[in-house]
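Next comes input_29.txt, with compact mmCIF, C-alpha atoms and all ligand atoms.
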```txt
# COMPACT_ATOMS: atom_id res chain seq x y z
CA ASN Z 90 -22.27 -7.96 0.14
CA GLY Z 91 -19.20 -9.62 -1.43
CA VAL Z 92 -18.35 -10.12 -5.12
CA GLY Z 93 -20.46 -12.36 -7.26
CA GLY Z 94 -24.08 -11.41 -7.73
CA GLY Z 95 -23.43 -9.50 -10.96
CA GLY Z 96 -23.96 -5.82 -11.64
CA GLU Z 97 -21.32 -4.74 -9.14
CA VAL Z 98 -19.26 -1.64 -9.80
CA TYR Z 99 -15.86 -1.57 -8.13
CA LEU Z 100 -14.35 1.88 -7.82
CA VAL Z 101 -10.62 1.90 -7.01
CA THR Z 102 -9.10 5.25 -6.02
CA GLY Z 103 -5.33 5.43 -6.45
CA GLY Z 104 -5.75 2.93 -9.28
CA SER Z 105 -2.64 4.21 -11.09
CA GLY Z 106 -0.31 3.60 -8.12
CA LEU Z 107 1.78 0.65 -6.94
CA LEU Z 108 -1.08 -1.12 -5.17
CA GLY Z 109 -3.82 0.00 -7.57
CA GLN Z 110 -1.96 -1.44 -10.57
CA ALA Z 111 -1.36 -4.66 -8.64
CA LEU Z 112 -5.10 -4.93 -7.96
CA LYS Z 113 -5.72 -4.46 -11.66
CA ARG Z 114 -3.41 -7.40 -12.46
CA VAL Z 115 -5.12 -9.58 -9.85
CA VAL Z 116 -8.58 -8.72 -11.18
CA GLU Z 117 -7.49 -9.44 -14.75
CA ALA Z 118 -5.96 -12.77 -13.72
CA SER Z 119 -9.02 -13.75 -11.64
CA GLU Z 120 -11.78 -12.54 -13.91
CA GLY Z 121 -10.14 -13.00 -17.31
CA GLY Z 122 -9.26 -9.59 -18.69
CA ALA Z 123 -12.29 -7.36 -19.09
CA ALA Z 124 -14.30 -8.25 -16.00
CA LYS Z 125 -16.28 -11.41 -16.54
CA GLY Z 126 -20.05 -11.33 -16.21
CA SER Z 127 -21.63 -8.01 -15.55
CA SER Z 128 -19.31 -6.59 -12.89
CA LYS Z 129 -17.30 -3.50 -13.77
CA TRP Z 130 -13.99 -2.23 -12.39
CA VAL Z 131 -12.97 1.42 -12.55
CA PHE Z 132 -9.34 2.28 -11.71
CA LEU Z 133 -8.95 5.99 -11.05
CA SER Z 134 -5.95 8.31 -11.05
CA SER Z 135 -5.68 11.93 -9.96
CA LYS Z 136 -6.47 12.86 -13.58
CA ASP Z 137 -10.03 11.56 -13.12
CA ALA Z 138 -10.66 13.76 -10.09
CA ASP Z 139 -8.81 15.54 -7.31
CA LEU Z 140 -10.19 13.65 -4.33
CA ARG Z 141 -9.25 16.50 -1.98
CA ASP Z 142 -12.17 18.33 -3.53
CA TYR Z 143 -15.58 17.18 -2.29
CA GLU Z 144 -17.58 18.23 -5.36
CA SER Z 145 -15.20 16.46 -7.80
CA SER Z 146 -15.31 13.35 -5.64
CA ARG Z 147 -19.09 13.43 -5.45
CA ARG Z 148 -19.36 13.72 -9.23
CA LEU Z 149 -17.30 10.51 -9.51
CA PHE Z 150 -19.70 8.66 -7.25
CA ASP Z 151 -22.62 10.08 -9.18
CA LYS Z 152 -21.14 8.98 -12.49
CA HIS Z 153 -20.08 5.44 -11.51
CA ARG Z 154 -22.57 4.61 -8.74
CA PRO Z 155 -20.14 2.15 -7.12
CA THR Z 156 -21.36 -0.83 -5.14
CA HIS Z 157 -17.84 -1.45 -3.79
CA VAL Z 158 -14.96 0.98 -3.17
CA VAL Z 159 -11.26 0.37 -2.60
CA HIS Z 160 -9.73 3.66 -1.44
CA LEU Z 161 -5.98 3.55 -2.05
CA ALA Z 162 -5.33 7.17 -3.04
CA ALA Z 163 -3.14 9.05 -0.60
CA LYS Z 164 -0.49 11.71 -0.45
CA VAL Z 165 2.54 9.55 0.29
CA GLY Z 166 6.20 10.50 0.49
CA GLY Z 167 9.58 9.83 2.00
CA LEU Z 168 10.95 10.92 5.35
CA PHE Z 169 12.16 14.35 4.23
CA ALA Z 170 9.00 15.20 2.32
CA ASN Z 171 6.96 14.28 5.41
CA MET Z 172 9.11 16.35 7.76
CA ALA Z 173 9.00 19.37 5.46
CA ASP Z 174 5.21 19.40 4.99
CA GLN Z 175 3.30 18.00 7.98
CA VAL Z 176 0.40 20.36 7.13
CA GLY Z 177 0.15 19.06 3.56
CA PHE Z 178 0.33 15.39 4.54
CA PHE Z 179 -2.24 15.86 7.30
CA ARG Z 180 -4.75 18.07 5.49
CA GLN Z 181 -4.64 16.47 2.03
CA ASN Z 182 -5.08 12.96 3.44
CA MET Z 183 -7.78 14.12 5.85
CA GLN Z 184 -9.64 15.82 2.99
CA MET Z 185 -9.45 12.81 0.66
CA ASN Z 186 -10.37 10.35 3.39
CA ASP Z 187 -13.28 12.40 4.74
CA ASN Z 188 -14.67 12.85 1.21
CA ILE Z 189 -14.38 9.20 0.21
CA VAL Z 190 -15.57 7.61 3.45
CA SER Z 191 -18.59 9.89 3.73
CA LEU Z 192 -19.47 9.42 0.05
CA CYS Z 193 -19.26 5.62 0.48
CA HIS Z 194 -21.91 5.98 3.16
CA ASP Z 195 -24.07 8.53 1.33
CA TYR Z 196 -24.07 6.50 -1.90
CA LYS Z 197 -24.88 3.29 0.03
CA VAL Z 198 -21.75 1.44 -1.06
CA LYS Z 199 -22.13 -2.20 0.07
CA ARG Z 200 -18.52 -2.66 1.10
CA ALA Z 201 -15.50 -0.37 1.21
CA ILE Z 202 -11.84 -0.97 2.00
CA PHE Z 203 -9.57 1.76 3.30
CA CYS Z 204 -5.82 1.71 3.56
CA LEU Z 205 -3.62 2.50 6.56
CA SER Z 206 0.06 1.59 6.99
CA THR Z 207 2.19 -0.07 9.67
CA CYS Z 208 4.38 3.06 9.65
CA VAL Z 209 1.64 5.03 11.46
CA PHE Z 210 1.85 2.88 14.61
CA PRO Z 211 3.38 4.21 17.82
CA PRO Z 212 7.13 3.54 17.95
CA SER Z 213 6.55 2.41 21.54
CA ALA Z 214 3.91 -0.22 20.70
CA PRO Z 215 4.91 -3.70 21.83
CA MET Z 216 6.07 -6.17 19.18
CA PRO Z 217 4.60 -7.87 17.34
CA LEU Z 218 2.37 -4.94 16.42
CA THR Z 219 -1.30 -5.85 16.51
CA GLU Z 220 -4.28 -4.00 15.05
CA ASP Z 221 -5.45 -2.86 18.50
CA SER Z 222 -2.26 -0.95 19.38
CA LEU Z 223 -2.75 1.63 16.59
CA HIS Z 224 -3.91 4.43 18.93
CA SER Z 225 -2.00 3.38 22.05
CA ALA Z 226 0.54 6.25 21.88
CA PRO Z 227 1.51 9.12 19.52
CA PRO Z 228 3.12 8.34 16.15
CA HIS Z 229 6.77 9.04 15.35
CA PRO Z 230 7.24 12.85 15.05
CA SER Z 231 8.89 12.55 11.61
CA ASN Z 232 5.63 11.53 9.85
CA GLU Z 233 2.98 12.54 12.35
CA GLY Z 234 0.91 14.55 9.84
CA TYR Z 235 0.52 11.51 7.57
CA ALA Z 236 0.18 9.12 10.52
CA ASN Z 237 -2.52 11.10 12.31
CA ALA Z 238 -4.55 11.42 9.09
CA LYS Z 239 -4.33 7.64 8.58
CA ARG Z 240 -5.33 7.05 12.21
CA MET Z 241 -8.37 9.32 11.78
CA LEU Z 242 -9.29 7.30 8.69
CA GLU Z 243 -9.42 4.20 10.88
CA CYS Z 244 -11.63 6.05 13.40
CA LEU Z 245 -14.02 7.36 10.77
CA ALA Z 246 -14.44 3.99 9.04
CA ARG Z 247 -15.04 2.29 12.40
CA TYR Z 248 -17.55 4.95 13.55
CA TYR Z 249 -19.60 4.49 10.36
CA ARG Z 250 -19.55 0.75 10.88
CA GLN Z 251 -20.66 1.08 14.52
CA GLN Z 252 -23.30 3.69 13.88
CA TYR Z 253 -24.72 2.59 10.51
CA ASN Z 254 -23.58 -1.02 10.05
CA ASP Z 255 -21.62 -0.01 6.95
CA GLU Z 256 -19.21 -2.76 5.85
CA PHE Z 257 -16.11 -0.59 6.10
CA VAL Z 258 -12.80 -2.37 6.70
CA CYS Z 259 -9.24 -1.04 6.94
CA ILE Z 260 -6.16 -2.88 5.73
CA ILE Z 261 -2.76 -2.14 7.25
CA PRO Z 262 0.02 -3.12 4.82
CA THR Z 263 3.73 -3.24 5.67
CA ASN Z 264 6.41 -2.29 3.15
CA LEU Z 265 4.96 -3.00 -0.28
CA TYR Z 266 7.05 -3.29 -3.43
CA GLY Z 267 6.57 -4.30 -7.05
CA PRO Z 268 6.04 -2.91 -10.57
CA ASN Z 269 4.88 0.74 -10.80
CA ASP Z 270 6.57 1.60 -7.50
CA ASN Z 271 8.11 5.00 -6.85
CA PHE Z 272 11.85 4.58 -7.59
CA ASN Z 273 12.79 8.23 -6.94
CA LEU Z 274 15.92 8.12 -4.79
CA GLU Z 275 14.73 11.00 -2.60
CA GLU Z 276 11.32 9.46 -1.93
CA ALA Z 277 11.50 5.71 -2.46
CA HIS Z 278 11.11 2.98 0.15
CA VAL Z 279 14.05 0.66 0.69
CA ILE Z 280 13.45 -1.94 -2.05
CA PRO Z 281 12.76 0.43 -4.97
CA ALA Z 282 15.59 2.72 -3.79
CA LEU Z 283 18.08 -0.17 -3.73
CA ILE Z 284 16.89 -1.45 -7.13
CA HIS Z 285 17.48 2.01 -8.61
CA LYS Z 286 20.89 2.36 -6.91
CA CYS Z 287 22.02 -1.07 -8.11
CA TYR Z 288 20.86 -0.26 -11.64
CA LEU Z 289 22.89 3.00 -11.64
CA ALA Z 290 25.94 1.22 -10.15
CA GLN Z 291 25.77 -1.31 -12.98
CA GLN Z 292 25.44 1.40 -15.65
CA ASP Z 293 28.30 3.46 -14.23
CA ASN Z 294 30.60 0.55 -13.29
CA GLN Z 295 30.60 1.73 -9.69
CA PRO Z 296 30.19 -0.15 -6.38
CA PHE Z 297 26.61 -0.77 -5.23
CA VAL Z 298 26.43 1.13 -1.91
CA VAL Z 299 23.79 0.06 0.62
CA SER Z 300 23.10 2.53 3.46
CA GLY Z 301 23.66 1.07 6.95
CA SER Z 302 24.92 -2.33 8.09
CA GLY Z 303 22.38 -4.45 6.20
CA LYS Z 304 21.36 -6.11 9.48
CA PRO Z 305 17.93 -4.60 10.26
CA LEU Z 306 14.99 -6.91 9.67
CA ARG Z 307 11.79 -5.93 7.89
CA GLN Z 308 8.61 -7.58 6.60
CA PHE Z 309 7.97 -6.98 2.92
CA LEU Z 310 4.92 -7.81 0.86
CA TYR Z 311 4.81 -8.02 -2.91
CA SER Z 312 2.11 -5.62 -4.13
CA ASP Z 313 0.13 -8.37 -5.90
CA ASP Z 314 -0.10 -10.33 -2.63
CA CYS Z 315 -1.64 -7.31 -0.92
CA ALA Z 316 -3.98 -6.98 -3.91
CA ARG Z 317 -4.99 -10.66 -3.52
CA ILE Z 318 -5.91 -9.90 0.10
CA ILE Z 319 -8.03 -6.92 -1.02
CA TYR Z 320 -9.74 -9.08 -3.65
CA GLU Z 321 -10.53 -11.70 -1.02
CA LEU Z 322 -11.92 -9.00 1.30
CA LEU Z 323 -14.29 -7.91 -1.46
CA ARG Z 324 -15.40 -11.48 -2.22
CA THR Z 325 -15.86 -12.81 1.27
CA SER Z 326 -19.21 -13.19 3.02
CA SER Z 327 -20.32 -10.53 5.51
CA GLU Z 328 -20.06 -13.10 8.33
CA LYS Z 329 -16.30 -13.40 7.78
CA LEU Z 330 -15.72 -9.66 8.23
CA THR Z 331 -15.37 -9.93 11.98
CA PHE Z 332 -12.57 -7.34 12.26
CA ASN Z 333 -12.42 -3.58 11.67
CA SER Z 334 -8.84 -3.62 10.47
CA MET Z 335 -6.29 -6.19 9.39
CA MET Z 336 -2.50 -6.17 9.08
CA CYS Z 337 -1.25 -7.22 5.64
CA VAL Z 338 2.22 -8.63 6.24
CA GLY Z 339 4.20 -11.59 4.98
CA ASP Z 340 5.29 -14.49 7.19
CA THR Z 341 9.01 -13.87 7.09
CA GLU Z 342 11.33 -11.11 8.23
CA HIS Z 343 14.22 -10.39 5.87
CA SER Z 344 17.42 -8.47 6.52
CA ILE Z 345 18.34 -5.53 4.30
CA LYS Z 346 21.35 -7.63 3.25
CA GLN Z 347 19.01 -10.36 1.98
CA VAL Z 348 17.17 -7.69 -0.01
CA ALA Z 349 20.44 -6.35 -1.47
CA ASP Z 350 21.60 -9.90 -2.34
CA ALA Z 351 18.32 -10.62 -4.12
CA ILE Z 352 18.62 -7.38 -6.11
CA VAL Z 353 22.25 -8.13 -7.05
CA SER Z 354 21.21 -11.57 -8.27
CA ALA Z 355 18.14 -10.32 -10.19
CA MET Z 356 20.13 -7.46 -11.75
CA GLU Z 357 23.09 -9.80 -12.50
CA PHE Z 358 25.27 -7.13 -10.94
CA LYS Z 359 28.91 -8.26 -10.98
CA GLY Z 360 30.54 -5.28 -9.19
CA GLU Z 361 31.41 -4.66 -5.55
CA VAL Z 362 28.67 -4.34 -2.87
CA LYS Z 363 29.51 -1.96 0.01
CA TYR Z 364 27.68 -1.29 3.27
CA ASP Z 365 27.95 2.34 4.37
CA THR Z 366 27.88 1.97 8.15
CA SER Z 367 28.20 5.75 8.62
CA LYS Z 368 24.46 5.85 7.75
CA ALA Z 369 21.87 5.10 10.45
CA ASP Z 370 20.25 1.66 10.51
CA GLY Z 371 16.92 2.67 12.06
CA VAL Z 372 15.27 0.28 14.51
CA TYR Z 373 16.56 -3.30 14.33
CA LYS Z 374 13.12 -4.75 13.71
CA LYS Z 375 9.43 -3.79 13.80
CA THR Z 376 7.57 -7.06 13.59
CA ALA Z 377 3.85 -6.91 12.86
CA SER Z 378 1.48 -9.78 13.61
CA ASN Z 379 -0.37 -11.51 10.79
CA ALA Z 380 -2.62 -13.58 13.06
CA ILE Z 381 -5.89 -12.03 11.81
CA LEU Z 382 -4.70 -12.25 8.20
CA ARG Z 383 -3.81 -15.95 8.58
CA GLY Z 384 -7.22 -16.67 10.06
CA PHE Z 385 -8.94 -14.81 7.25
CA MET Z 386 -7.11 -15.85 4.07
CA PRO Z 387 -7.61 -19.32 2.54
CA LYS Z 388 -5.10 -21.83 3.90
CA ASP Z 389 -3.40 -22.13 0.50
CA PHE Z 390 -2.56 -18.41 0.34
CA THR Z 391 1.22 -18.26 -0.01
CA PRO Z 392 2.91 -14.89 -0.45
CA ILE Z 393 5.40 -14.65 -3.31
CA PRO Z 394 8.93 -15.28 -1.96
CA LEU Z 395 11.13 -12.19 -1.66
CA GLU Z 396 13.60 -13.34 -4.33
CA GLU Z 397 10.84 -13.89 -6.88
CA GLY Z 398 9.07 -10.61 -6.04
CA ILE Z 399 12.33 -8.70 -6.34
CA ARG Z 400 13.10 -10.42 -9.63
CA ARG Z 401 9.75 -9.24 -11.02
CA ALA Z 402 10.25 -5.69 -9.71
CA VAL Z 403 13.77 -5.53 -11.22
CA VAL Z 404 12.55 -6.81 -14.59
CA TRP Z 405 9.76 -4.22 -14.55
CA PHE Z 406 12.13 -1.38 -13.64
CA LYS Z 407 14.60 -2.28 -16.41
CA ASP Z 408 11.83 -2.70 -18.99
CA ASN Z 409 10.09 0.52 -17.97
CA PHE Z 410 13.04 2.72 -17.09
CA ASP Z 411 11.78 5.61 -19.21
CA LYS Z 412 8.29 5.78 -17.77
CA ALA Z 413 9.06 4.69 -14.17
CA ARG Z 414 8.66 7.23 -11.35
CA ARG Z 415 12.32 7.87 -10.54
P1 LIG T 1 1.30 5.41 -4.96
O1 LIG T 1 2.10 6.61 -4.57
O2 LIG T 1 1.93 4.40 -5.86
O3 LIG T 1 -0.07 5.88 -5.60
C1 LIG T 1 -0.81 6.90 -5.02
C2 LIG T 1 -2.12 6.98 -5.78
O4 LIG T 1 -2.93 8.01 -5.20
C3 LIG T 1 -1.94 7.33 -7.25
O5 LIG T 1 -2.89 6.59 -8.00
C4 LIG T 1 -2.28 8.82 -7.29
O6 LIG T 1 -2.75 9.24 -8.56
C5 LIG T 1 -3.38 8.87 -6.24
N1 LIG T 1 -3.58 10.21 -5.68
C6 LIG T 1 -2.70 10.95 -4.94
N2 LIG T 1 -3.22 12.16 -4.65
C7 LIG T 1 -4.47 12.19 -5.20
C8 LIG T 1 -5.50 13.17 -5.27
N3 LIG T 1 -5.36 14.36 -4.66
N4 LIG T 1 -6.64 12.86 -5.94
C9 LIG T 1 -6.78 11.67 -6.55
N5 LIG T 1 -5.85 10.70 -6.51
C10 LIG T 1 -4.70 10.96 -5.87
O7 LIG T 1 0.80 4.72 -3.61
P2 LIG T 1 0.80 3.18 -3.20
O8 LIG T 1 0.11 2.38 -4.25
O9 LIG T 1 2.16 2.83 -2.74
O10 LIG T 1 -0.11 3.24 -1.89
C11 LIG T 1 -1.50 2.90 -1.93
C12 LIG T 1 -2.03 2.99 -0.51
O11 LIG T 1 -1.29 2.09 0.32
C13 LIG T 1 -1.89 4.37 0.13
O12 LIG T 1 -3.05 4.64 0.86
C14 LIG T 1 -0.68 4.22 1.04
O13 LIG T 1 -0.78 5.07 2.14
C15 LIG T 1 -0.79 2.76 1.45
N6 LIG T 1 0.46 2.09 1.84
C16 LIG T 1 1.52 1.97 0.98
C17 LIG T 1 2.66 1.29 1.37
C18 LIG T 1 3.84 1.13 0.47
O14 LIG T 1 4.83 0.53 0.89
N7 LIG T 1 3.81 1.62 -0.75
C19 LIG T 1 2.78 0.67 2.70
C20 LIG T 1 1.60 0.84 3.51
C21 LIG T 1 0.49 1.51 3.08
P3 LIG T 1 -1.69 9.74 -9.71
O15 LIG T 1 -1.00 8.48 -10.21
O16 LIG T 1 -2.54 10.35 -10.75
O17 LIG T 1 -0.74 10.68 -9.05
```
Take the structure in the file and write it out as structure tokens.
Ligand code: NDP
Amino acid sequence: NGVGGGGEVYLVTGGSGLLGQALKRVVEASEGGAAKGSSKWVFLSSKDADLRDYESSRRLFDKHRPTHVVHLAAKVGGLFANMADQVGFFRQNMQMNDNIVSLCHDYKVKRAIFCLSTCVFPPSAPMPLTEDSLHSAPPHPSNEGYANAKRMLECLARYYRQQYNDEFVCIIPTNLYGPNDNFNLEEAHVIPALIHKCYLAQQDNQPFVVSGSGKPLRQFLYSDDCARIIYELLRTSSEKLTFNSMMCVGDTEHSIKQVADAIVSAMEFKGEVKYDTSKADGVYKKTASNAILRGFMPKDFTPIPLEEGIRRAVVWFKDNFDKARR
């Protein structure tokens, strides 16, 4: 059921987002621009259809008749947005996920990939986090609407696989970053937020202020690396899909200070860097295991080093400042 026989139609929801655009780059690099041979890739945005609406979603499936689906669309947001609208994060993600997963089954899609996140795991799960601890305890209360919807997505995909043998697989990325990220200071994850802050500090001749001590450790993954994993999941033989879900994390943990240093270097920022220790650090580390990923990906798969990934994200942000989400 993997890539290759010709005539495949790959439908990517959330195709305009950080990960969707990365997948587009990977496809273009792998298949030489307009998809080689007779396979077709369709990258969707919310302008193509509101996936919360079943009928609009069904029309998309009817129009494109996908053989493969990568479902990346989600209502995502920062801590405050999540806390202020648990209903919205729960319902909108449940609606989109229920529509897309059930349509993948009804339209006999050969293989579909769904997207969870390491941030929906129980805070109490032992480290390193493994795929099987997802449901072992409740999620953190701050994002439980989003987290519970993502957890139900894992259940639904797994139930279809058990009951109907559908080749439905979930990926569980850690912190992704790269071009087309959301750089809005209220909503952004740590890397895009720090890139934006450093950029403003440089423009305004002000110190670059990093929240917290800089000591916490995190695993980051450049968006194109996650896209390479998705591409491999689509290409691989059915026999290699021995897991229902798979963490997508890099090998190395990096401190927030290492992130800030890489941004300073990429931005060629010459001013003062300050750590605001009055701001909370969060947990010191939340290591996730990449054992399944390592067993699955080709041995020569090497994630892009943090410094290089950050350099590319900084270049993109500076070149696209006007159109970037910020
Ligand atoms: P983005 O915010 O960059 O993109 C979200 C995408 O979803 C956009 O293409 C958006 O379309 C689309 N979308 C949102 N609402 C709807 C809707 N109602 N109907 C149709 N399309 C919609 O997200 P990312 O690329 O960062 O995330 C992709 C996936 O990865 C998500 O499932 C997310 O949960 C997951 N993830 C992300 C991580 C990260 O660090 N970024 C970490 C772990 C998991 P439009 O552009 O038109 O608004």
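Of note, atom CA of Z:Gly303 and atom CA of Z:Ala170 are spaced 24.1 Å apart.
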Protein and nucleic acid residues within 7 Å of ligand LIG 1 (chain T) (only C-alpha atoms and all ligand atoms) as JSON, numbers by chain: {"Z": [102, 103, 104, 105, 106, 107, 108, 109, 133, 134, 135, 136, 138, 139, 140, 141, 161, 162, 163, 164, 165, 185, 204, 205, 206, 207, 261, 262, 263, 264, 265, 266, 269, 270, 271, 278]}
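Interatomic distance, atom CA of Z:Lys129 to atom CA of Z:Gln110: 15.8 Å.
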Atom-to-atom span, atom CA of Z:Arg148 and atom CA of Z:Tyr248, Å: 24.5 Å
Non-local contacts of Z:Met356 (10 Å; only C-alpha atoms; under 2 positions in same chain excluded) as a ChimeraX atom specification: /Z:284,287-288,291,350-354,358-359,399-400,403-404,407
Spatial neighbours of Z:Tyr373, max dist 8 Å, all atoms listed in the file, sep filter under 6 positions, as a PyMOL selection string: chain Z and resi 304-306
Just to be explicit: take each residue in the selection above, keep C-alpha atoms, and write the result as a short mmCIF file (atom, residue, chain, number, x, y, z; two decimals), in the coordinates of the input.
```
data_model
loop_
_atom_site.label_atom_id
_atom_site.label_comp_id
_atom_site.auth_asym_id
_atom_site.auth_seq_id
_atom_site.Cartn_x
_atom_site.Cartn_y
_atom_site.Cartn_z
CA LYS Z 304 21.36 -6.11 9.48
CA PRO Z 305 17.93 -4.60 10.26
CA LEU Z 306 14.99 -6.91 9.67
#
```
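Each of Z:Phe150, Z:Glu120, Z:Ser213, Z:Leu242 was checked against Z:Pro228 using only C-alpha atoms; the smallest atom-to-atom distance is that of Z:Ser213.
Distance annotation: of Z:Ala173, Z:Val98, Z:Ala226, Z:Ala355, the residue with the minimal separation from Z:Val198 is Z:Val98; atom set is only C-alpha atoms.
Among the candidates Z:Pro281, Z:Gly360, Z:Pro217, Z:Leu112, the one nearest to Z:Arg401 when counting all atoms listed in the file is Z:Pro281.
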Where atoms are missing, can you supply N, CA and C atoms for stretch 169-184 of chain Z and output the lot as a PDB file, in the coordinates of the input?
```pdb
ATOM      1  N   PHE Z 169      11.884  12.906   4.294  1.00  0.00           N
ATOM      2  CA  PHE Z 169      12.160  14.350   4.230  1.00  0.00           C
ATOM      3  C   PHE Z 169      10.936  15.122   3.764  1.00  0.00           C
ATOM      4  N   ALA Z 170      10.227  14.545   2.793  1.00  0.00           N
ATOM      5  CA  ALA Z 170       9.000  15.200   2.320  1.00  0.00           C
ATOM      6  C   ALA Z 170       7.997  15.310   3.473  1.00  0.00           C
ATOM      7  N   ASN Z 171       7.875  14.257   4.268  1.00  0.00           N
ATOM      8  CA  ASN Z 171       6.960  14.280   5.410  1.00  0.00           C
ATOM      9  C   ASN Z 171       7.359  15.343   6.419  1.00  0.00           C
ATOM     10  N   MET Z 172       8.650  15.396   6.734  1.00  0.00           N
ATOM     11  CA  MET Z 172       9.110  16.350   7.760  1.00  0.00           C
ATOM     12  C   MET Z 172       8.923  17.788   7.296  1.00  0.00           C
ATOM     13  N   ALA Z 173       9.066  18.008   5.978  1.00  0.00           N
ATOM     14  CA  ALA Z 173       9.000  19.370   5.460  1.00  0.00           C
ATOM     15  C   ALA Z 173       7.564  19.870   5.304  1.00  0.00           C
ATOM     16  N   ASP Z 174       6.579  18.972   5.291  1.00  0.00           N
ATOM     17  CA  ASP Z 174       5.210  19.400   4.990  1.00  0.00           C
ATOM     18  C   ASP Z 174       4.175  18.612   5.803  1.00  0.00           C
ATOM     19  N   GLN Z 175       4.269  18.717   7.132  1.00  0.00           N
ATOM     20  CA  GLN Z 175       3.300  18.000   7.980  1.00  0.00           C
ATOM     21  C   GLN Z 175       1.881  18.485   7.687  1.00  0.00           C
ATOM     22  N   VAL Z 176       1.735  19.801   7.411  1.00  0.00           N
ATOM     23  CA  VAL Z 176       0.400  20.360   7.130  1.00  0.00           C
ATOM     24  C   VAL Z 176      -0.182  19.701   5.888  1.00  0.00           C
ATOM     25  N   GLY Z 177       0.628  19.648   4.813  1.00  0.00           N
ATOM     26  CA  GLY Z 177       0.150  19.060   3.560  1.00  0.00           C
ATOM     27  C   GLY Z 177      -0.229  17.599   3.724  1.00  0.00           C
ATOM     28  N   PHE Z 178       0.622  16.822   4.386  1.00  0.00           N
ATOM     29  CA  PHE Z 178       0.330  15.390   4.540  1.00  0.00           C
ATOM     30  C   PHE Z 178      -0.912  15.172   5.405  1.00  0.00           C
ATOM     31  N   PHE Z 179      -1.070  16.007   6.437  1.00  0.00           N
ATOM     32  CA  PHE Z 179      -2.240  15.860   7.300  1.00  0.00           C
ATOM     33  C   PHE Z 179      -3.504  16.284   6.561  1.00  0.00           C
ATOM     34  N   ARG Z 180      -3.509  17.527   6.044  1.00  0.00           N
ATOM     35  CA  ARG Z 180      -4.750  18.070   5.490  1.00  0.00           C
ATOM     36  C   ARG Z 180      -5.187  17.332   4.229  1.00  0.00           C
ATOM     37  N   GLN Z 181      -4.235  17.073   3.313  1.00  0.00           N
ATOM     38  CA  GLN Z 181      -4.640  16.470   2.030  1.00  0.00           C
ATOM     39  C   GLN Z 181      -5.187  15.057   2.254  1.00  0.00           C
ATOM     40  N   ASN Z 182      -4.560  14.303   3.165  1.00  0.00           N
ATOM     41  CA  ASN Z 182      -5.080  12.960   3.440  1.00  0.00           C
ATOM     42  C   ASN Z 182      -6.395  13.024   4.198  1.00  0.00           C
ATOM     43  N   MET Z 183      -6.503  13.964   5.136  1.00  0.00           N
ATOM     44  CA  MET Z 183      -7.780  14.120   5.850  1.00  0.00           C
ATOM     45  C   MET Z 183      -8.907  14.471   4.869  1.00  0.00           C
ATOM     46  N   GLN Z 184      -8.604  15.395   3.956  1.00  0.00           N
ATOM     47  CA  GLN Z 184      -9.640  15.820   2.990  1.00  0.00           C
ATOM     48  C   GLN Z 184     -10.085  14.643   2.130  1.00  0.00           C
TER      49      GLN Z 184
END
```
